[in-house]
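**Student:** Take a look at the following structure, please.
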Amino acid sequence: MSRIGQRIADFHCDALSKLLMKPELSFVKASELDVNVERMQEGGVHLQAFAIYLPEVLGRGKFEHVMGQLELYRKKVEHSAQRSGGVKTLLWREQVANLHTEAETAPWGLMTLEGVDGLEGNLFYLQLCFQMGVRVVGLTWNHANWAADGIMEKRGAGLTEKGKELVRLCNQMGMLLDVSHLSEKGFWELADLSERPFIASHSNSYSVCPHVRNLKDDQVQAIVARDGRIGLTFVPWFVKEADEVRIQDLLPHIEQICSLGGAHHLMMGSDFDGISTKIQGLEHAGCYPKLTEILLKHYDEALVHGWLWGNAMRYLGEHLPEGKHG
């Protein structure tokens, strides 16, 4: 692995929500976007997950809102970026091999659904999302919906019966499941129910920073035991209880997750464009080389490569659905 040529896989950003609120922005180079084509190229981000999140200002989530963001992805991310090399969409496990080739320089996108509120309890809508290219589903955002309670819901309930149906259907289709934002009870119910390894796309260690959105040690161990993945996130208040957070403050989270067996299950899940306050030196996707440099000062290159790229790719190469074409 070269220090300059390290590829990055980032499993969570909210660029679509920002584009929804400010449709005049260009995904190619708008400086208001933490993730754009120029910054992905600058940072070596070769795979970026784009979350479909329905902002609370929209009111009650509707399927038309989900479809609207899918169309926004097509127009703004896939098509409008083509003049700058384009963004290809990752759909099938056979495509993962293409991401490893040196000749492949265009960035790739992975579509995810952050909370199923907009599916309106209709599992056929889940199938439509799959057909439209969504490959990762988180059941909730912070609050309760028809499928489960989010982590901020005070009653702390788990999955509804319809939510359990959704988990089973995701397993059948090959839709990957994401437990970031899910209530603790919901986490364990999903862990018992899911036949496939699941991820926490953007959560850190609760033992290091006791924010409710972070994972407790037994949750980390459960994800590791099932060969899932944990996306290290750059939300400052998930990293450290301090006014100023630096890149080095991510290291205790890495240490803790590795101490629980997660060295080969850790990946990145920045939450860029979903946060207004940033880690110093890690303000946007173009800053990944700074993170890489600091990690290489403390850890073996093979481990760093795994955290930034390899672990995520291995997971996708094994658990994305099989397609008829590569």
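A note on labels: chains of the structure tokens are A, B, ... as shown, every chain counts residues from 1, and ligands are counted from 1 in their shown order.
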With 10 Å as the cut-off and only C-alpha atoms counted, what is the closest atom pair between each nearby residue of range 138-245 of chain A and range 288-312 of chain A? Distances in Å to one decimal, ordered by chain and number, as a Markdown table.
**Tutor:**
| residue | atom | partner | partner_atom | distance |
| --- | --- | --- | --- | --- |
| A:Gly228 | CA | A:Ala312 | CA | 9.5 |
| A:Arg229 | CA | A:Ala312 | CA | 7.3 |
| A:Ile230 | CA | A:Ala312 | CA | 9.2 |
| A:Gly231 | CA | A:Trp307 | CA | 8.9 |
| A:Leu232 | CA | A:Trp307 | CA | 8.9 |
**Student:** Show me, as a list in words, the residues that have an atom within 9 Å of Val220 in chain A when counting only C-alpha atoms, minus same-chain residues fewer than 6 positions from it.
**Tutor:**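 Returned residues: Ser205, Ile230, Ile257, Leu260, Gly261 and Gly262 of chain A.
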**Student:** Only N, CA, C and O atoms, please: the residues just picked out, written as a CSV table (one decimal), in the first residue's frame.
**Tutor:**
chain,number,residue,atom,x,y,z
A,205,SER,N,-17.2,3.7,19.8
A,205,SER,CA,-17.2,2.9,21.0
A,205,SER,C,-17.8,3.6,22.2
A,205,SER,O,-17.3,4.7,22.5
A,230,ILE,N,-18.2,-2.3,11.4
A,230,ILE,CA,-18.4,-1.1,12.2
A,230,ILE,C,-17.7,0.0,11.5
A,230,ILE,O,-16.5,0.0,11.3
A,257,ILE,N,-12.1,-1.1,19.8
A,257,ILE,CA,-12.8,-2.0,18.9
A,257,ILE,C,-11.9,-3.2,18.5
A,257,ILE,O,-12.3,-4.4,18.5
A,260,LEU,N,-11.5,-5.8,21.2
A,260,LEU,CA,-12.7,-6.7,21.2
A,260,LEU,C,-12.8,-7.7,20.0
A,260,LEU,O,-13.8,-8.3,19.8
A,261,GLY,N,-11.7,-7.7,19.3
A,261,GLY,CA,-11.6,-8.6,18.2
A,261,GLY,C,-12.0,-8.0,16.8
A,261,GLY,O,-12.1,-8.8,15.8
A,262,GLY,N,-12.2,-6.7,16.8
A,262,GLY,CA,-12.7,-6.1,15.6
A,262,GLY,C,-11.7,-5.5,14.6
A,262,GLY,O,-12.0,-4.7,13.7
**Student:** Give me the residues within 12 Å of Asp178 in chain A as an NGL selection string, counting only C-alpha atoms and dropping any in the same chain fewer than 6 places off.
**Tutor:** :A and (11-12 or 51 or 112-116 or 135-141 or 167 or 170 or 186-187 or 190-191 or 194 or 196-203 or 223 or 228-231 or 269)
**Student:** Taking into account only C-alpha atoms, which residue in the set A:Ala222, A:Ala263, A:Val212, A:Gln280 is nearest to Glu244 in chain A?
**Tutor:** A:Gln280
**Student:** Write down as a PDB file with all heavy atoms, in the first residue's frame the residues of range 112-183 of chain A whose backbone DSSP state falls under alpha helix (DSSP H).
**Tutor:**
ATOM      1  N   LEU A 123     -44.023  -3.372   2.459  1.00  0.00           N
ATOM      2  CA  LEU A 123     -42.813  -4.103   2.124  1.00  0.00           C
ATOM      3  C   LEU A 123     -42.576  -4.193   0.621  1.00  0.00           C
ATOM      4  O   LEU A 123     -41.451  -4.438   0.178  1.00  0.00           O
ATOM      5  CB  LEU A 123     -42.856  -5.508   2.743  1.00  0.00           C
ATOM      6  CG  LEU A 123     -42.856  -5.519   4.288  1.00  0.00           C
ATOM      7  CD1 LEU A 123     -42.868  -6.951   4.806  1.00  0.00           C
ATOM      8  CD2 LEU A 123     -41.662  -4.766   4.846  1.00  0.00           C
ATOM      9  N   PHE A 124     -43.625  -3.983  -0.169  1.00  0.00           N
ATOM     10  CA  PHE A 124     -43.432  -3.919  -1.616  1.00  0.00           C
ATOM     11  C   PHE A 124     -42.565  -2.713  -1.970  1.00  0.00           C
ATOM     12  O   PHE A 124     -41.766  -2.762  -2.918  1.00  0.00           O
ATOM     13  CB  PHE A 124     -44.775  -3.834  -2.340  1.00  0.00           C
ATOM     14  CG  PHE A 124     -44.647  -3.690  -3.834  1.00  0.00           C
ATOM     15  CD1 PHE A 124     -44.073  -4.692  -4.609  1.00  0.00           C
ATOM     16  CD2 PHE A 124     -45.091  -2.536  -4.468  1.00  0.00           C
ATOM     17  CE1 PHE A 124     -43.932  -4.547  -5.978  1.00  0.00           C
ATOM     18  CE2 PHE A 124     -44.964  -2.382  -5.840  1.00  0.00           C
ATOM     19  CZ  PHE A 124     -44.387  -3.399  -6.600  1.00  0.00           C
ATOM     20  N   TYR A 125     -42.692  -1.630  -1.204  1.00  0.00           N
ATOM     21  CA  TYR A 125     -41.851  -0.461  -1.433  1.00  0.00           C
ATOM     22  C   TYR A 125     -40.374  -0.796  -1.185  1.00  0.00           C
ATOM     23  O   TYR A 125     -39.481  -0.234  -1.828  1.00  0.00           O
ATOM     24  CB  TYR A 125     -42.283   0.691  -0.535  1.00  0.00           C
ATOM     25  CG  TYR A 125     -43.582   1.359  -0.921  1.00  0.00           C
ATOM     26  CD1 TYR A 125     -44.259   2.189  -0.025  1.00  0.00           C
ATOM     27  CD2 TYR A 125     -44.135   1.180  -2.189  1.00  0.00           C
ATOM     28  CE1 TYR A 125     -45.443   2.823  -0.374  1.00  0.00           C
ATOM     29  CE2 TYR A 125     -45.327   1.804  -2.549  1.00  0.00           C
ATOM     30  CZ  TYR A 125     -45.975   2.621  -1.645  1.00  0.00           C
ATOM     31  OH  TYR A 125     -47.151   3.247  -1.989  1.00  0.00           O
ATOM     32  N   LEU A 126     -40.118  -1.693  -0.228  1.00  0.00           N
ATOM     33  CA  LEU A 126     -38.738  -2.143   0.015  1.00  0.00           C
ATOM     34  C   LEU A 126     -38.191  -2.837  -1.233  1.00  0.00           C
ATOM     35  O   LEU A 126     -37.052  -2.607  -1.641  1.00  0.00           O
ATOM     36  CB  LEU A 126     -38.688  -3.088   1.216  1.00  0.00           C
ATOM     37  CG  LEU A 126     -37.304  -3.671   1.540  1.00  0.00           C
ATOM     38  CD1 LEU A 126     -36.385  -2.591   2.103  1.00  0.00           C
ATOM     39  CD2 LEU A 126     -37.420  -4.832   2.526  1.00  0.00           C
ATOM     40  N   GLN A 127     -39.016  -3.679  -1.844  1.00  0.00           N
ATOM     41  CA  GLN A 127     -38.594  -4.366  -3.058  1.00  0.00           C
ATOM     42  C   GLN A 127     -38.340  -3.379  -4.196  1.00  0.00           C
ATOM     43  O   GLN A 127     -37.395  -3.553  -4.975  1.00  0.00           O
ATOM     44  CB  GLN A 127     -39.647  -5.396  -3.453  1.00  0.00           C
ATOM     45  CG  GLN A 127     -39.782  -6.527  -2.436  1.00  0.00           C
ATOM     46  CD  GLN A 127     -40.951  -7.457  -2.743  1.00  0.00           C
ATOM     47  OE1 GLN A 127     -42.104  -7.030  -2.765  1.00  0.00           O
ATOM     48  NE2 GLN A 127     -40.645  -8.712  -3.009  1.00  0.00           N
ATOM     49  N   LEU A 128     -39.172  -2.343  -4.279  1.00  0.00           N
ATOM     50  CA  LEU A 128     -38.958  -1.318  -5.298  1.00  0.00           C
ATOM     51  C   LEU A 128     -37.635  -0.585  -5.069  1.00  0.00           C
ATOM     52  O   LEU A 128     -36.907  -0.290  -6.030  1.00  0.00           O
ATOM     53  CB  LEU A 128     -40.111  -0.323  -5.304  1.00  0.00           C
ATOM     54  CG  LEU A 128     -41.444  -0.790  -5.895  1.00  0.00           C
ATOM     55  CD1 LEU A 128     -42.492   0.311  -5.772  1.00  0.00           C
ATOM     56  CD2 LEU A 128     -41.278  -1.194  -7.356  1.00  0.00           C
ATOM     57  N   CYS A 129     -37.327  -0.299  -3.815  1.00  0.00           N
ATOM     58  CA  CYS A 129     -36.050   0.347  -3.502  1.00  0.00           C
ATOM     59  C   CYS A 129     -34.879  -0.525  -3.950  1.00  0.00           C
ATOM     60  O   CYS A 129     -33.883  -0.024  -4.497  1.00  0.00           O
ATOM     61  CB  CYS A 129     -35.946   0.641  -2.006  1.00  0.00           C
ATOM     62  SG  CYS A 129     -36.921   2.052  -1.459  1.00  0.00           S
ATOM     63  N   PHE A 130     -34.999  -1.817  -3.713  1.00  0.00           N
ATOM     64  CA  PHE A 130     -33.954  -2.740  -4.146  1.00  0.00           C
ATOM     65  C   PHE A 130     -33.794  -2.683  -5.665  1.00  0.00           C
ATOM     66  O   PHE A 130     -32.684  -2.608  -6.194  1.00  0.00           O
ATOM     67  CB  PHE A 130     -34.283  -4.161  -3.689  1.00  0.00           C
ATOM     68  CG  PHE A 130     -33.228  -5.173  -4.036  1.00  0.00           C
ATOM     69  CD1 PHE A 130     -32.133  -5.364  -3.200  1.00  0.00           C
ATOM     70  CD2 PHE A 130     -33.321  -5.939  -5.183  1.00  0.00           C
ATOM     71  CE1 PHE A 130     -31.153  -6.300  -3.523  1.00  0.00           C
ATOM     72  CE2 PHE A 130     -32.345  -6.870  -5.514  1.00  0.00           C
ATOM     73  CZ  PHE A 130     -31.262  -7.044  -4.678  1.00  0.00           C
ATOM     74  N   GLN A 131     -34.919  -2.705  -6.366  1.00  0.00           N
ATOM     75  CA  GLN A 131     -34.880  -2.636  -7.829  1.00  0.00           C
ATOM     76  C   GLN A 131     -34.284  -1.320  -8.316  1.00  0.00           C
ATOM     77  O   GLN A 131     -33.661  -1.258  -9.380  1.00  0.00           O
ATOM     78  CB  GLN A 131     -36.281  -2.824  -8.399  1.00  0.00           C
ATOM     79  CG  GLN A 131     -36.850  -4.218  -8.204  1.00  0.00           C
ATOM     80  CD  GLN A 131     -38.318  -4.319  -8.591  1.00  0.00           C
ATOM     81  OE1 GLN A 131     -38.856  -3.473  -9.300  1.00  0.00           O
ATOM     82  NE2 GLN A 131     -38.978  -5.365  -8.099  1.00  0.00           N
ATOM     83  N   GLU A 161     -43.726  -6.425  14.712  1.00  0.00           N
ATOM     84  CA  GLU A 161     -43.884  -7.626  13.887  1.00  0.00           C
ATOM     85  C   GLU A 161     -43.607  -7.312  12.424  1.00  0.00           C
ATOM     86  O   GLU A 161     -43.000  -8.113  11.706  1.00  0.00           O
ATOM     87  CB  GLU A 161     -45.296  -8.209  14.062  1.00  0.00           C
ATOM     88  CG  GLU A 161     -45.512  -8.864  15.415  1.00  0.00           C
ATOM     89  CD  GLU A 161     -44.483  -9.945  15.723  1.00  0.00           C
ATOM     90  OE1 GLU A 161     -44.247 -10.811  14.848  1.00  0.00           O
ATOM     91  OE2 GLU A 161     -43.887  -9.889  16.816  1.00  0.00           O
ATOM     92  N   LYS A 162     -44.031  -6.124  11.987  1.00  0.00           N
ATOM     93  CA  LYS A 162     -43.767  -5.722  10.606  1.00  0.00           C
ATOM     94  C   LYS A 162     -42.275  -5.485  10.394  1.00  0.00           C
ATOM     95  O   LYS A 162     -41.732  -5.763   9.317  1.00  0.00           O
ATOM     96  CB  LYS A 162     -44.568  -4.453  10.289  1.00  0.00           C
ATOM     97  CG  LYS A 162     -44.827  -4.211   8.811  1.00  0.00           C
ATOM     98  CD  LYS A 162     -45.733  -5.271   8.217  1.00  0.00           C
ATOM     99  CE  LYS A 162     -46.191  -4.948   6.817  1.00  0.00           C
ATOM    100  NZ  LYS A 162     -47.218  -3.900   6.767  1.00  0.00           N
ATOM    101  N   GLY A 163     -41.626  -4.977  11.420  1.00  0.00           N
ATOM    102  CA  GLY A 163     -40.180  -4.788  11.352  1.00  0.00           C
ATOM    103  C   GLY A 163     -39.439  -6.111  11.218  1.00  0.00           C
ATOM    104  O   GLY A 163     -38.450  -6.214  10.486  1.00  0.00           O
ATOM    105  N   LYS A 164     -39.926  -7.131  11.904  1.00  0.00           N
ATOM    106  CA  LYS A 164     -39.306  -8.455  11.786  1.00  0.00           C
ATOM    107  C   LYS A 164     -39.511  -9.022  10.380  1.00  0.00           C
ATOM    108  O   LYS A 164     -38.616  -9.665   9.818  1.00  0.00           O
ATOM    109  CB  LYS A 164     -39.890  -9.397  12.843  1.00  0.00           C
ATOM    110  CG  LYS A 164     -39.511  -9.007  14.275  1.00  0.00           C
ATOM    111  CD  LYS A 164     -40.202  -9.881  15.306  1.00  0.00           C
ATOM    112  CE  LYS A 164     -39.857  -9.439  16.724  1.00  0.00           C
ATOM    113  NZ  LYS A 164     -40.561 -10.241  17.757  1.00  0.00           N
ATOM    114  N   GLU A 165     -40.685  -8.766   9.810  1.00  0.00           N
ATOM    115  CA  GLU A 165     -40.924  -9.172   8.419  1.00  0.00           C
ATOM    116  C   GLU A 165     -39.930  -8.490   7.488  1.00  0.00           C
ATOM    117  O   GLU A 165     -39.424  -9.107   6.533  1.00  0.00           O
ATOM    118  CB  GLU A 165     -42.346  -8.827   7.996  1.00  0.00           C
ATOM    119  CG  GLU A 165     -43.443  -9.694   8.590  1.00  0.00           C
ATOM    120  CD  GLU A 165     -44.806  -9.300   8.044  1.00  0.00           C
ATOM    121  OE1 GLU A 165     -44.928  -9.153   6.804  1.00  0.00           O
ATOM    122  OE2 GLU A 165     -45.744  -9.119   8.855  1.00  0.00           O
ATOM    123  N   LEU A 166     -39.677  -7.216   7.748  1.00  0.00           N
ATOM    124  CA  LEU A 166     -38.732  -6.466   6.926  1.00  0.00           C
ATOM    125  C   LEU A 166     -37.341  -7.079   7.000  1.00  0.00           C
ATOM    126  O   LEU A 166     -36.660  -7.230   5.979  1.00  0.00           O
ATOM    127  CB  LEU A 166     -38.703  -5.008   7.373  1.00  0.00           C
ATOM    128  CG  LEU A 166     -37.775  -4.068   6.606  1.00  0.00           C
ATOM    129  CD1 LEU A 166     -38.424  -2.708   6.404  1.00  0.00           C
ATOM    130  CD2 LEU A 166     -36.435  -3.900   7.310  1.00  0.00           C
ATOM    131  N   VAL A 167     -36.897  -7.449   8.196  1.00  0.00           N
ATOM    132  CA  VAL A 167     -35.576  -8.074   8.362  1.00  0.00           C
ATOM    133  C   VAL A 167     -35.497  -9.367   7.561  1.00  0.00           C
ATOM    134  O   VAL A 167     -34.514  -9.624   6.848  1.00  0.00           O
ATOM    135  CB  VAL A 167     -35.274  -8.326   9.847  1.00  0.00           C
ATOM    136  CG1 VAL A 167     -34.020  -9.192  10.010  1.00  0.00           C
ATOM    137  CG2 VAL A 167     -35.099  -7.008  10.594  1.00  0.00           C
ATOM    138  N   ARG A 168     -36.535 -10.186   7.643  1.00  0.00           N
ATOM    139  CA  ARG A 168     -36.540 -11.455   6.910  1.00  0.00           C
ATOM    140  C   ARG A 168     -36.492 -11.215   5.408  1.00  0.00           C
ATOM    141  O   ARG A 168     -35.777 -11.912   4.670  1.00  0.00           O
ATOM    142  CB  ARG A 168     -37.779 -12.270   7.283  1.00  0.00           C
ATOM    143  CG  ARG A 168     -37.819 -12.709   8.747  1.00  0.00           C
ATOM    144  CD  ARG A 168     -38.989 -13.638   9.007  1.00  0.00           C
ATOM    145  NE  ARG A 168     -39.173 -13.877  10.434  1.00  0.00           N
ATOM    146  CZ  ARG A 168     -40.091 -13.280  11.183  1.00  0.00           C
ATOM    147  NH1 ARG A 168     -40.940 -12.398  10.632  1.00  0.00           N
ATOM    148  NH2 ARG A 168     -40.197 -13.549  12.471  1.00  0.00           N
ATOM    149  N   LEU A 169     -37.247 -10.222   4.939  1.00  0.00           N
ATOM    150  CA  LEU A 169     -37.279  -9.925   3.512  1.00  0.00           C
ATOM    151  C   LEU A 169     -35.921  -9.394   3.046  1.00  0.00           C
ATOM    152  O   LEU A 169     -35.455  -9.747   1.953  1.00  0.00           O
ATOM    153  CB  LEU A 169     -38.385  -8.917   3.201  1.00  0.00           C
ATOM    154  CG  LEU A 169     -38.583  -8.555   1.722  1.00  0.00           C
ATOM    155  CD1 LEU A 169     -38.826  -9.797   0.875  1.00  0.00           C
ATOM    156  CD2 LEU A 169     -39.739  -7.562   1.569  1.00  0.00           C
ATOM    157  N   CYS A 170     -35.297  -8.555   3.848  1.00  0.00           N
ATOM    158  CA  CYS A 170     -33.952  -8.074   3.510  1.00  0.00           C
ATOM    159  C   CYS A 170     -32.986  -9.247   3.355  1.00  0.00           C
ATOM    160  O   CYS A 170     -32.185  -9.294   2.411  1.00  0.00           O
ATOM    161  CB  CYS A 170     -33.440  -7.105   4.575  1.00  0.00           C
ATOM    162  SG  CYS A 170     -34.170  -5.448   4.504  1.00  0.00           S
ATOM    163  N   ASN A 171     -33.043 -10.194   4.279  1.00  0.00           N
ATOM    164  CA  ASN A 171     -32.197 -11.378   4.191  1.00  0.00           C
ATOM    165  C   ASN A 171     -32.443 -12.157   2.905  1.00  0.00           C
ATOM    166  O   ASN A 171     -31.511 -12.609   2.239  1.00  0.00           O
ATOM    167  CB  ASN A 171     -32.437 -12.296   5.397  1.00  0.00           C
ATOM    168  CG  ASN A 171     -31.748 -11.835   6.667  1.00  0.00           C
ATOM    169  OD1 ASN A 171     -31.833 -12.475   7.706  1.00  0.00           O
ATOM    170  ND2 ASN A 171     -31.035 -10.723   6.605  1.00  0.00           N
ATOM    171  N   GLN A 172     -33.698 -12.298   2.540  1.00  0.00           N
ATOM    172  CA  GLN A 172     -34.050 -13.045   1.327  1.00  0.00           C
ATOM    173  C   GLN A 172     -33.536 -12.355   0.070  1.00  0.00           C
ATOM    174  O   GLN A 172     -33.045 -13.005  -0.852  1.00  0.00           O
ATOM    175  CB  GLN A 172     -35.573 -13.214   1.236  1.00  0.00           C
ATOM    176  CG  GLN A 172     -36.170 -14.135   2.282  1.00  0.00           C
ATOM    177  CD  GLN A 172     -37.686 -14.079   2.290  1.00  0.00           C
ATOM    178  OE1 GLN A 172     -38.320 -13.601   1.352  1.00  0.00           O
ATOM    179  NE2 GLN A 172     -38.296 -14.560   3.374  1.00  0.00           N
ATOM    180  N   MET A 173     -33.652 -11.026   0.022  1.00  0.00           N
ATOM    181  CA  MET A 173     -33.273 -10.280  -1.175  1.00  0.00           C
ATOM    182  C   MET A 173     -31.773 -10.046  -1.286  1.00  0.00           C
ATOM    183  O   MET A 173     -31.262  -9.774  -2.366  1.00  0.00           O
ATOM    184  CB  MET A 173     -33.973  -8.911  -1.189  1.00  0.00           C
ATOM    185  CG  MET A 173     -35.455  -8.958  -1.397  1.00  0.00           C
ATOM    186  SD  MET A 173     -36.118  -7.283  -1.713  1.00  0.00           S
ATOM    187  CE  MET A 173     -35.680  -6.450  -0.193  1.00  0.00           C
TER     188      MET A 173
END
**Student:** Measuring between only C-alpha atoms, which one of A:Ala285, A:Leu251, A:Leu72, A:Leu119 shows the shortest distance to Val35 in chain A?
**Tutor:**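 Of all the options, A:Ala285 lies closest to Val35 in chain A.
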**Student:** With 10 Å as the cut-off and only C-alpha atoms counted, what is the closest atom pair between each nearby residue of range 230-276 of chain A and range 42-49 of chain A? Distances in Å to one decimal, ordered by chain and number, as CSV.
**Tutor:**
residue,atom,partner,partner_atom,distance
A:Met268,CA,A:Gln48,CA,10.0
A:Gly269,CA,A:Ala49,CA,8.6
A:Ser270,CA,A:Gln48,CA,9.9
A:Asp271,CA,A:Ala49,CA,9.9
